[in-house]
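Asker: Dropping a structure here in structure tokens format, bear with me for questions.
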Amino acid sequence: MSSEQSRDQAADLPTADGPLVRVRLHDGQLLYAVVKGRRKERDGSWWYGLQIHLPAATEQRDRLVDKPAPVDFAAPASRCEPIAGQAYNAVPTYRHGATPAWRIEEAVYFGPEHGPARIVHRGDCRAVRDLSHPARTEQARATLAQPDSAPCTACRPDRPLRTTT
């Protein structure tokens with residue numbers, strides 16, 4: 001591929017908050033998705049955590065408007081085609097059976113009382129109750145710095161994360 005073709009291809013790519021891959025669907029369609037993570041499973045296969053944005057009806061000032069809504073999904077690496085020029089080296093990579101250093105819980109609240117939107121835990125904390133995902137140290141620190149996040153009161157990840165590395 002010439003540098004001119006490569007430049008033209010890069011100009012055609014959608015704006016994203018991470019590296020993109022082309023994903024081949026079962027019916028042969030191709031779509032672009034953002035790589036959020038990759039994981040080596042127990043059987044040795046690699047799976048990618050991906051995200052796309054689809055149209056969603058959202059109410060705004062008593063009117064329905066078309067807004068993009070993120071949709072997360074997983075696909076085997078065999079369906080994902082790397083795109084030249086995308087930086088995959090920063091994608092979080094996990095292996096089955098390995099405990100991550102940190103976990104970020106997306107807390108779910110029912111009823112009128114709400115707590116923090118995200119709770120940071122040590123990777124082996126047993127106090128995780130809701131949906132959580134592994135995180136790198138810089139992700140855990142950045143999450144704790146957000147005003148709508150909090151450290152777990154059981155495992156206290158804020159103590160080691162306060163120190164500089």
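Residues in the structure tokens are numbered from 1 in each chain, the chains being A, B, ... in the order shown, and ligands are numbered from 1 in the order shown.
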Can you tell me, as a list in words, what residues are no more than 12 Å from Thr99 (chain A) when counting only C-alpha atoms, ignoring any on the same chain fewer than 3 positions away?
Answerer: Thr93, Tyr94, Arg95, His96, Trp102, Arg103, Arg122, Gly123, Asp124, Cys125, His133, Pro134, Ala135 and Arg136 of chain A
Asker: Emit the selected residues as a short mmCIF file (atom, residue, chain, number, x, y, z; two decimals), in the first residue's frame, including C-alpha atoms.
Answerer:
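Writing done, so here's part_6.cif:
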```cif
data_model
loop_
_atom_site.label_atom_id
_atom_site.label_comp_id
_atom_site.auth_asym_id
_atom_site.auth_seq_id
_atom_site.Cartn_x
_atom_site.Cartn_y
_atom_site.Cartn_z
CA THR A 93 -4.53 -7.35 27.71
CA TYR A 94 -5.68 -10.05 30.14
CA ARG A 95 -5.16 -13.77 30.49
CA HIS A 96 -7.61 -16.25 31.95
CA TRP A 102 -7.24 -3.27 39.95
CA ARG A 103 -10.95 -3.53 39.15
CA ARG A 122 -7.87 -3.98 44.30
CA GLY A 123 -7.92 -6.84 41.80
CA ASP A 124 -8.52 -9.52 44.43
CA CYS A 125 -11.16 -7.62 46.45
CA HIS A 133 -13.78 -4.78 34.64
CA PRO A 134 -10.01 -5.11 35.09
CA ALA A 135 -7.99 -1.90 35.00
CA ARG A 136 -4.37 -0.85 34.66
#
```
Asker: Residues of region 63-140 of chain A classed as helix (DSSP H, G or I) by DSSP on the backbone are to be reported as a PyMOL selection string.
Answerer: chain A and resi 77-79+137-140
